[in-house]
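Participant: Enclosed is the structure file final.cif (mmCIF, N, CA and C atoms).
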data_upload
loop_
_atom_site.label_atom_id
_atom_site.label_comp_id
_atom_site.auth_asym_id
_atom_site.auth_seq_id
_atom_site.Cartn_x
_atom_site.Cartn_y
_atom_site.Cartn_z
N GLN A 118 0.45 18.29 9.50
CA GLN A 118 1.05 18.09 8.17
C GLN A 118 0.61 16.73 7.64
N VAL A 119 -0.09 16.74 6.50
CA VAL A 119 -0.55 15.51 5.89
C VAL A 119 0.61 14.87 5.16
N GLN A 120 0.88 13.60 5.46
CA GLN A 120 2.06 12.96 4.91
C GLN A 120 1.75 11.96 3.81
N LEU A 121 0.56 11.37 3.82
CA LEU A 121 0.17 10.39 2.81
C LEU A 121 -1.23 10.74 2.32
N VAL A 122 -1.36 10.92 1.02
CA VAL A 122 -2.66 11.23 0.42
C VAL A 122 -2.96 10.18 -0.64
N GLU A 123 -4.07 9.50 -0.45
CA GLU A 123 -4.44 8.42 -1.36
C GLU A 123 -5.50 8.89 -2.34
N SER A 124 -5.53 8.19 -3.48
CA SER A 124 -6.59 8.42 -4.46
C SER A 124 -6.74 7.18 -5.31
N GLY A 125 -7.87 7.09 -6.00
CA GLY A 125 -8.03 6.05 -7.01
C GLY A 125 -8.97 4.92 -6.69
N GLY A 126 -9.59 4.90 -5.54
CA GLY A 126 -10.52 3.83 -5.24
C GLY A 126 -11.79 3.95 -6.06
N GLY A 127 -12.70 3.00 -5.88
CA GLY A 127 -13.96 3.05 -6.60
C GLY A 127 -14.61 1.70 -6.70
N SER A 128 -15.58 1.61 -7.59
CA SER A 128 -16.32 0.38 -7.80
C SER A 128 -16.04 -0.17 -9.19
N VAL A 129 -15.94 -1.48 -9.26
CA VAL A 129 -15.63 -2.13 -10.53
C VAL A 129 -16.24 -3.51 -10.53
N GLN A 130 -16.50 -4.04 -11.69
CA GLN A 130 -17.00 -5.40 -11.78
C GLN A 130 -15.84 -6.39 -11.71
N ALA A 131 -16.16 -7.59 -11.32
CA ALA A 131 -15.15 -8.64 -11.24
C ALA A 131 -14.43 -8.77 -12.57
N GLY A 132 -13.11 -8.91 -12.48
CA GLY A 132 -12.29 -8.99 -13.68
C GLY A 132 -11.73 -7.65 -14.12
N GLY A 133 -12.24 -6.58 -13.52
CA GLY A 133 -11.79 -5.24 -13.88
C GLY A 133 -10.50 -4.85 -13.18
N SER A 134 -10.10 -3.60 -13.40
CA SER A 134 -8.84 -3.10 -12.85
C SER A 134 -9.06 -1.74 -12.20
N LEU A 135 -8.21 -1.46 -11.22
CA LEU A 135 -8.16 -0.16 -10.57
C LEU A 135 -6.70 0.13 -10.25
N ARG A 136 -6.38 1.41 -10.17
CA ARG A 136 -5.06 1.80 -9.71
C ARG A 136 -5.20 2.79 -8.57
N LEU A 137 -4.56 2.46 -7.48
CA LEU A 137 -4.52 3.34 -6.32
C LEU A 137 -3.21 4.11 -6.31
N SER A 138 -3.28 5.34 -5.85
CA SER A 138 -2.09 6.18 -5.73
C SER A 138 -1.92 6.64 -4.30
N CYS A 139 -0.68 6.77 -3.90
CA CYS A 139 -0.35 7.25 -2.56
C CYS A 139 0.76 8.27 -2.70
N ALA A 140 0.42 9.54 -2.55
CA ALA A 140 1.39 10.62 -2.65
C ALA A 140 1.91 10.94 -1.26
N ALA A 141 3.23 10.93 -1.14
CA ALA A 141 3.85 11.13 0.16
C ALA A 141 4.63 12.43 0.20
N SER A 142 4.81 12.94 1.39
CA SER A 142 5.72 14.07 1.55
C SER A 142 7.14 13.58 1.27
N VAL A 143 8.02 14.50 0.96
CA VAL A 143 9.38 14.12 0.61
C VAL A 143 10.04 13.34 1.74
N ASP A 144 9.90 13.82 2.95
CA ASP A 144 10.54 13.16 4.09
C ASP A 144 9.99 11.76 4.31
N THR A 145 8.69 11.60 4.09
CA THR A 145 8.07 10.30 4.31
C THR A 145 8.45 9.32 3.21
N TYR A 146 8.62 9.80 2.00
CA TYR A 146 8.87 8.93 0.86
C TYR A 146 10.32 8.44 0.81
N SER A 147 11.25 9.29 1.19
CA SER A 147 12.67 9.01 0.98
C SER A 147 13.15 7.78 1.73
N ASP A 148 13.67 6.79 0.99
CA ASP A 148 14.24 5.57 1.53
C ASP A 148 13.40 5.01 2.68
N ASN A 149 12.18 4.73 2.37
CA ASN A 149 11.25 4.24 3.37
C ASN A 149 10.55 3.01 2.83
N CYS A 150 9.87 2.32 3.71
CA CYS A 150 8.99 1.23 3.30
C CYS A 150 7.59 1.80 3.22
N LEU A 151 7.03 1.81 2.02
CA LEU A 151 5.64 2.20 1.84
C LEU A 151 4.85 0.96 1.49
N ALA A 152 3.73 0.82 2.13
CA ALA A 152 2.96 -0.41 1.99
C ALA A 152 1.49 -0.11 1.72
N TRP A 153 0.86 -1.05 1.07
CA TRP A 153 -0.59 -1.03 0.91
C TRP A 153 -1.18 -2.12 1.79
N PHE A 154 -2.16 -1.73 2.58
CA PHE A 154 -2.93 -2.66 3.39
C PHE A 154 -4.38 -2.59 2.96
N ARG A 155 -5.13 -3.59 3.35
CA ARG A 155 -6.57 -3.54 3.13
C ARG A 155 -7.28 -4.15 4.34
N GLN A 156 -8.50 -3.69 4.51
CA GLN A 156 -9.30 -4.21 5.62
C GLN A 156 -10.75 -4.31 5.17
N ALA A 157 -11.25 -5.52 5.20
CA ALA A 157 -12.65 -5.77 4.88
C ALA A 157 -13.46 -5.76 6.18
N PRO A 158 -14.75 -5.51 6.10
CA PRO A 158 -15.57 -5.48 7.31
C PRO A 158 -15.47 -6.79 8.09
N GLY A 159 -15.20 -6.66 9.38
CA GLY A 159 -15.12 -7.83 10.23
C GLY A 159 -13.82 -8.59 10.14
N LYS A 160 -12.89 -8.10 9.36
CA LYS A 160 -11.61 -8.79 9.19
C LYS A 160 -10.46 -7.92 9.65
N GLU A 161 -9.32 -8.56 9.89
CA GLU A 161 -8.14 -7.81 10.29
C GLU A 161 -7.51 -7.11 9.09
N ARG A 162 -6.77 -6.07 9.39
CA ARG A 162 -6.04 -5.37 8.34
C ARG A 162 -4.90 -6.27 7.88
N GLU A 163 -4.75 -6.40 6.57
CA GLU A 163 -3.72 -7.27 6.04
C GLU A 163 -2.88 -6.53 4.99
N VAL A 164 -1.62 -6.91 4.91
CA VAL A 164 -0.74 -6.28 3.94
C VAL A 164 -1.03 -6.84 2.56
N VAL A 165 -0.95 -5.96 1.56
CA VAL A 165 -1.18 -6.35 0.18
C VAL A 165 0.12 -6.32 -0.60
N ALA A 166 0.87 -5.24 -0.46
CA ALA A 166 2.14 -5.10 -1.17
C ALA A 166 2.97 -4.03 -0.48
N ARG A 167 4.29 -4.15 -0.67
CA ARG A 167 5.21 -3.20 -0.04
C ARG A 167 6.32 -2.86 -1.00
N VAL A 168 6.91 -1.70 -0.81
CA VAL A 168 8.08 -1.31 -1.59
C VAL A 168 9.03 -0.53 -0.69
N ARG A 169 10.29 -0.84 -0.82
CA ARG A 169 11.32 -0.05 -0.16
C ARG A 169 11.76 0.98 -1.19
N THR A 170 11.44 2.24 -0.98
CA THR A 170 11.59 3.25 -2.04
C THR A 170 13.04 3.53 -2.38
N GLY A 171 13.96 3.30 -1.46
CA GLY A 171 15.36 3.55 -1.77
C GLY A 171 15.93 2.56 -2.76
N SER A 172 15.73 1.28 -2.51
CA SER A 172 16.27 0.23 -3.37
C SER A 172 15.32 -0.17 -4.48
N GLY A 173 14.03 0.11 -4.30
CA GLY A 173 13.03 -0.31 -5.28
C GLY A 173 12.56 -1.74 -5.10
N ARG A 174 13.03 -2.39 -4.06
CA ARG A 174 12.63 -3.77 -3.84
C ARG A 174 11.15 -3.83 -3.46
N THR A 175 10.44 -4.74 -4.10
CA THR A 175 9.01 -4.86 -3.88
C THR A 175 8.64 -6.23 -3.32
N TYR A 176 7.52 -6.26 -2.64
CA TYR A 176 6.98 -7.49 -2.07
C TYR A 176 5.47 -7.48 -2.31
N THR A 177 4.94 -8.60 -2.75
CA THR A 177 3.51 -8.71 -2.96
C THR A 177 2.99 -9.91 -2.18
N ALA A 178 1.93 -9.69 -1.43
CA ALA A 178 1.35 -10.77 -0.63
C ALA A 178 0.70 -11.79 -1.54
N GLY A 179 0.50 -12.99 -0.98
CA GLY A 179 -0.04 -14.10 -1.76
C GLY A 179 -1.37 -13.81 -2.41
N SER A 180 -2.21 -13.05 -1.71
CA SER A 180 -3.54 -12.78 -2.23
C SER A 180 -3.50 -11.96 -3.52
N GLY A 181 -2.41 -11.23 -3.71
CA GLY A 181 -2.33 -10.36 -4.89
C GLY A 181 -1.33 -10.79 -5.93
N LYS A 182 -0.60 -11.85 -5.67
CA LYS A 182 0.44 -12.25 -6.61
C LYS A 182 -0.15 -12.59 -7.97
N GLY A 183 0.49 -12.03 -8.99
CA GLY A 183 0.01 -12.25 -10.35
C GLY A 183 -1.09 -11.29 -10.75
N ARG A 184 -1.65 -10.58 -9.79
CA ARG A 184 -2.75 -9.65 -10.10
C ARG A 184 -2.44 -8.22 -9.68
N PHE A 185 -1.73 -8.05 -8.58
CA PHE A 185 -1.44 -6.72 -8.05
C PHE A 185 0.03 -6.38 -8.26
N THR A 186 0.29 -5.13 -8.61
CA THR A 186 1.66 -4.68 -8.80
C THR A 186 1.85 -3.35 -8.08
N ILE A 187 2.86 -3.30 -7.25
CA ILE A 187 3.21 -2.05 -6.58
C ILE A 187 4.37 -1.42 -7.35
N SER A 188 4.30 -0.10 -7.51
CA SER A 188 5.36 0.60 -8.24
C SER A 188 5.53 1.98 -7.62
N GLN A 189 6.57 2.67 -8.05
CA GLN A 189 6.88 3.96 -7.47
C GLN A 189 7.28 4.95 -8.56
N ASP A 190 7.04 6.21 -8.28
CA ASP A 190 7.49 7.31 -9.14
C ASP A 190 8.25 8.28 -8.25
N ASN A 191 9.57 8.23 -8.31
CA ASN A 191 10.39 9.04 -7.42
C ASN A 191 10.22 10.53 -7.69
N ALA A 192 9.95 10.89 -8.92
CA ALA A 192 9.77 12.31 -9.25
C ALA A 192 8.53 12.89 -8.59
N LYS A 193 7.55 12.02 -8.32
CA LYS A 193 6.29 12.48 -7.74
C LYS A 193 6.14 12.04 -6.28
N ASN A 194 7.15 11.36 -5.74
CA ASN A 194 7.04 10.83 -4.37
C ASN A 194 5.75 10.05 -4.19
N THR A 195 5.47 9.22 -5.16
CA THR A 195 4.19 8.52 -5.19
C THR A 195 4.39 7.03 -5.40
N VAL A 196 3.60 6.26 -4.69
CA VAL A 196 3.57 4.81 -4.84
C VAL A 196 2.19 4.43 -5.38
N TYR A 197 2.19 3.46 -6.26
CA TYR A 197 0.95 3.02 -6.90
C TYR A 197 0.68 1.55 -6.58
N LEU A 198 -0.59 1.20 -6.62
CA LEU A 198 -0.98 -0.20 -6.56
C LEU A 198 -1.91 -0.45 -7.74
N GLN A 199 -1.39 -1.16 -8.72
CA GLN A 199 -2.19 -1.54 -9.88
C GLN A 199 -2.85 -2.88 -9.57
N MET A 200 -4.16 -2.90 -9.64
CA MET A 200 -4.91 -4.11 -9.31
C MET A 200 -5.67 -4.58 -10.54
N ASN A 201 -5.33 -5.76 -11.00
CA ASN A 201 -5.97 -6.34 -12.18
C ASN A 201 -6.72 -7.61 -11.79
N SER A 202 -7.60 -8.05 -12.66
CA SER A 202 -8.38 -9.27 -12.43
C SER A 202 -9.01 -9.26 -11.05
N LEU A 203 -9.64 -8.16 -10.72
CA LEU A 203 -10.20 -8.00 -9.39
C LEU A 203 -11.34 -8.98 -9.13
N LYS A 204 -11.42 -9.40 -7.88
CA LYS A 204 -12.42 -10.37 -7.44
C LYS A 204 -13.29 -9.74 -6.36
N PRO A 205 -14.50 -10.23 -6.17
CA PRO A 205 -15.33 -9.69 -5.09
C PRO A 205 -14.64 -9.74 -3.73
N GLU A 206 -13.81 -10.73 -3.49
CA GLU A 206 -13.12 -10.83 -2.21
C GLU A 206 -12.02 -9.78 -2.04
N ASP A 207 -11.73 -9.02 -3.07
CA ASP A 207 -10.80 -7.90 -2.95
C ASP A 207 -11.48 -6.66 -2.39
N THR A 208 -12.79 -6.71 -2.24
CA THR A 208 -13.53 -5.58 -1.70
C THR A 208 -13.06 -5.28 -0.28
N ALA A 209 -12.64 -4.04 -0.07
CA ALA A 209 -12.11 -3.64 1.23
C ALA A 209 -11.77 -2.16 1.18
N MET A 210 -11.45 -1.63 2.35
CA MET A 210 -10.84 -0.30 2.42
C MET A 210 -9.35 -0.51 2.28
N TYR A 211 -8.74 0.23 1.38
CA TYR A 211 -7.31 0.12 1.13
C TYR A 211 -6.59 1.33 1.71
N TYR A 212 -5.50 1.05 2.40
CA TYR A 212 -4.74 2.09 3.06
C TYR A 212 -3.28 2.05 2.62
N CYS A 213 -2.72 3.22 2.48
CA CYS A 213 -1.29 3.35 2.30
C CYS A 213 -0.66 3.66 3.65
N ALA A 214 0.53 3.14 3.88
CA ALA A 214 1.20 3.36 5.16
C ALA A 214 2.70 3.48 4.96
N ALA A 215 3.34 4.15 5.89
CA ALA A 215 4.79 4.31 5.83
C ALA A 215 5.39 4.19 7.23
N LEU A 216 6.64 3.80 7.26
CA LEU A 216 7.32 3.69 8.54
C LEU A 216 7.72 5.08 9.04
N THR A 217 7.85 5.19 10.34
CA THR A 217 8.39 6.38 10.96
C THR A 217 9.55 5.97 11.87
N ALA A 218 10.21 6.93 12.46
CA ALA A 218 11.32 6.64 13.35
C ALA A 218 10.82 5.83 14.56
N PRO A 219 11.63 4.90 15.05
CA PRO A 219 12.97 4.56 14.61
C PRO A 219 13.03 3.49 13.52
N LEU A 220 11.91 2.80 13.22
CA LEU A 220 11.97 1.68 12.29
C LEU A 220 12.41 2.10 10.89
N VAL A 221 12.10 3.33 10.49
CA VAL A 221 12.45 3.76 9.14
C VAL A 221 13.96 3.76 8.93
N ARG A 222 14.72 3.82 10.01
CA ARG A 222 16.18 3.90 9.91
C ARG A 222 16.83 2.52 9.68
N LEU A 223 16.08 1.46 9.87
CA LEU A 223 16.65 0.13 9.66
C LEU A 223 16.79 -0.13 8.17
N PRO A 224 18.01 -0.39 7.68
CA PRO A 224 18.21 -0.58 6.24
C PRO A 224 17.37 -1.71 5.66
N GLU A 225 16.63 -1.39 4.64
CA GLU A 225 15.82 -2.37 3.89
C GLU A 225 14.70 -3.00 4.71
N TYR A 226 14.42 -2.46 5.88
CA TYR A 226 13.35 -3.02 6.70
C TYR A 226 12.02 -2.69 6.07
N CYS A 227 11.21 -3.69 5.84
CA CYS A 227 9.92 -3.48 5.19
C CYS A 227 8.95 -4.53 5.70
N PRO A 228 8.36 -4.28 6.87
CA PRO A 228 7.58 -5.30 7.56
C PRO A 228 6.17 -5.48 7.02
N ILE A 229 5.46 -6.42 7.63
CA ILE A 229 4.09 -6.69 7.21
C ILE A 229 3.06 -6.38 8.29
N ARG A 230 3.52 -6.12 9.49
CA ARG A 230 2.57 -5.87 10.58
C ARG A 230 2.09 -4.43 10.54
N PRO A 231 0.78 -4.25 10.56
CA PRO A 231 0.26 -2.87 10.56
C PRO A 231 0.79 -2.03 11.71
N THR A 232 1.03 -2.66 12.85
CA THR A 232 1.48 -1.91 14.02
C THR A 232 2.88 -1.35 13.87
N ASP A 233 3.63 -1.81 12.88
CA ASP A 233 4.97 -1.29 12.66
C ASP A 233 4.95 0.05 11.92
N PHE A 234 3.83 0.39 11.33
CA PHE A 234 3.75 1.58 10.50
C PHE A 234 3.19 2.75 11.30
N GLY A 235 3.89 3.88 11.19
CA GLY A 235 3.53 5.02 12.03
C GLY A 235 2.68 6.08 11.38
N VAL A 236 2.56 6.06 10.08
CA VAL A 236 1.74 7.05 9.40
C VAL A 236 0.90 6.36 8.35
N TRP A 237 -0.36 6.80 8.25
CA TRP A 237 -1.34 6.16 7.39
C TRP A 237 -2.07 7.19 6.53
N GLY A 238 -2.46 6.72 5.35
CA GLY A 238 -3.33 7.53 4.52
C GLY A 238 -4.76 7.44 5.01
N GLN A 239 -5.62 8.18 4.35
CA GLN A 239 -7.01 8.28 4.80
C GLN A 239 -7.84 7.06 4.42
N GLY A 240 -7.36 6.23 3.51
CA GLY A 240 -8.10 5.05 3.09
C GLY A 240 -8.96 5.33 1.87
N ASN A 241 -9.05 4.32 1.02
CA ASN A 241 -9.90 4.40 -0.17
C ASN A 241 -10.69 3.11 -0.29
N GLN A 242 -11.98 3.25 -0.52
CA GLN A 242 -12.83 2.08 -0.66
C GLN A 242 -12.69 1.50 -2.06
N VAL A 243 -12.50 0.20 -2.11
CA VAL A 243 -12.52 -0.56 -3.36
C VAL A 243 -13.64 -1.58 -3.25
N THR A 244 -14.57 -1.53 -4.19
CA THR A 244 -15.70 -2.45 -4.20
C THR A 244 -15.74 -3.18 -5.53
N VAL A 245 -15.73 -4.50 -5.44
CA VAL A 245 -15.75 -5.33 -6.64
C VAL A 245 -17.04 -6.14 -6.63
N SER A 246 -17.83 -5.94 -7.64
CA SER A 246 -19.11 -6.65 -7.73
C SER A 246 -18.99 -7.84 -8.67
N SER A 247 -19.80 -8.85 -8.36
CA SER A 247 -19.74 -10.07 -9.17
C SER A 247 -20.70 -9.99 -10.35
#
Could you write out this file's structure as structure tokens?
Facilitator:
Amino acid sequence: QVQLVESGGGSVQAGGSLRLSCAASVDTYSDNCLAWFRQAPGKEREVVARVRTGSGRTYTAGSGKGRFTISQDNAKNTVYLQMNSLKPEDTAMYYCAALTAPLVRLPEYCPIRPTDFGVWGQGNQVTVSS
């Protein structure tokens, strides 16, 4: 059973925008922490933004503050990552992830470590050219 399906990656010039989508199954989406991570070649996977879908509380990492916005559409069980003012250093594979049991049961828990997340999307390449 596929639980997270991503879409929206691509290539853009510096200064451009992209929006990534992460469609989740109902069980995976409900009152969970859904996060966007990215991984560039030779680098560790890092968190970009997170949202706790029950409360709507969002968190954006320093690298994306002021440029990246995470949002949710409860009717579609979908989380989005709007990326503006993209830079070449934003080039990476972007992944959507969600918590699974038992961590998903912790109220408002929304971590930053990739190892805390039990289900992952397939990844979408984002390439920003200068």
Participant: Report as a list in words the residues that result from applying the PyMOL selection byres ((chain A and resi 184) around 8) to the structure here.
Facilitator: Ser180, Gly181, Lys182, Gly183, Phe185, Thr186, Ile187, Gln199, Met200, Asn201, Ser202 and Leu203 of chain A
Participant: Enumerate, as a ChimeraX atom specification, the residues matched when the PyMOL selection byres ((chain A and resi 212-222) around 8) is run on the file above.
Facilitator: /A:121-123,138-139,145-146,148-156,209-211,223-227,233-242
Participant: Given 4 Å on each side, where is the centre and what are the edge lengths in Å to one decimal of the axis-aligned box enclosing the listed atoms of range 176-180 of chain A, as JSON?
Facilitator:
{"center_x": 2.0, "center_y": -10.2, "center_z": -2.1, "size_x": 19.1, "size_y": 15.8, "size_z": 10.9}
Participant: Starting from the displayed file, determine the output of the PyMOL selection byres (((chain A and resi 193 and name CA) around 12) and name CA) and express the residue list as a count of residues only.
Facilitator: 17
Participant: Quick one: everything within 8 Å of Lys204 in chain A, counting only N, CA and C atoms, minus sequence neighbours fewer than 4 positions away in the same chain. Send it as a PyMOL selection string.
Facilitator: chain A and resi 130-133+200+208+244-247
Participant: Give me, please, the distance in Å between atom C of Arg169 in chain A and atom N of Val129 in chain A, quoted to one decimal.
Facilitator: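 Answer for the atom C of Arg169 in chain A to atom N of Val129 in chain A separation: 29.0 Å.
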Participant: Just list the residues in range 166-208 of chain A DSSP gives helix (DSSP H, G or I) on the backbone, as a list in words.
Facilitator: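 Those in range 166-208 of chain A that DSSP calls helix (DSSP H, G or I) are Gly179, Ser180, Gly181, Pro205, Glu206 and Asp207 of chain A.
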Participant: Could you write out that same residue set with N, CA and C atoms as a compact mmCIF listing (two decimals), in the frame of the given file?
Facilitator:
# COMPACT_ATOMS: atom_id res chain seq x y z
N GLY A 179 0.50 -12.99 -0.98
CA GLY A 179 -0.04 -14.10 -1.76
C GLY A 179 -1.37 -13.81 -2.41
N SER A 180 -2.21 -13.05 -1.71
CA SER A 180 -3.54 -12.78 -2.23
C SER A 180 -3.50 -11.96 -3.52
N GLY A 181 -2.41 -11.23 -3.71
CA GLY A 181 -2.33 -10.36 -4.89
C GLY A 181 -1.33 -10.79 -5.93
N PRO A 205 -14.50 -10.23 -6.17
CA PRO A 205 -15.33 -9.69 -5.09
C PRO A 205 -14.64 -9.74 -3.73
N GLU A 206 -13.81 -10.73 -3.49
CA GLU A 206 -13.12 -10.83 -2.21
C GLU A 206 -12.02 -9.78 -2.04
N ASP A 207 -11.73 -9.02 -3.07
CA ASP A 207 -10.80 -7.90 -2.95
C ASP A 207 -11.48 -6.66 -2.39
Participant: Can you measure atom C of Lys160 in chain A to CA of Pro231 in chain A for me? One decimal in Å is fine.
Facilitator: 11.9 Å
Participant: Go ahead and compute the interatomic distance for CA of Arg167 in chain A and CA of Gly179 in chain A, in Å to one decimal.
Facilitator: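 Between these atoms lies a distance of 12.2 Å.
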Participant: I need the residues of range 118-246 of chain A that end up classed as strand (DSSP E) by DSSP on the backbone, written out as a PyMOL selection string.
Facilitator: chain A and resi 121-124+127-130+135-141+150-156+163-169+175-177+185-190+195-200+209-215+236-237+241-246
Participant: Hey, which of A:Ser134, A:Val243, A:Thr170, A:Ser124 ends up closest to Asp207 in chain A? Count only N, CA and C atoms.
Facilitator: A:Val243
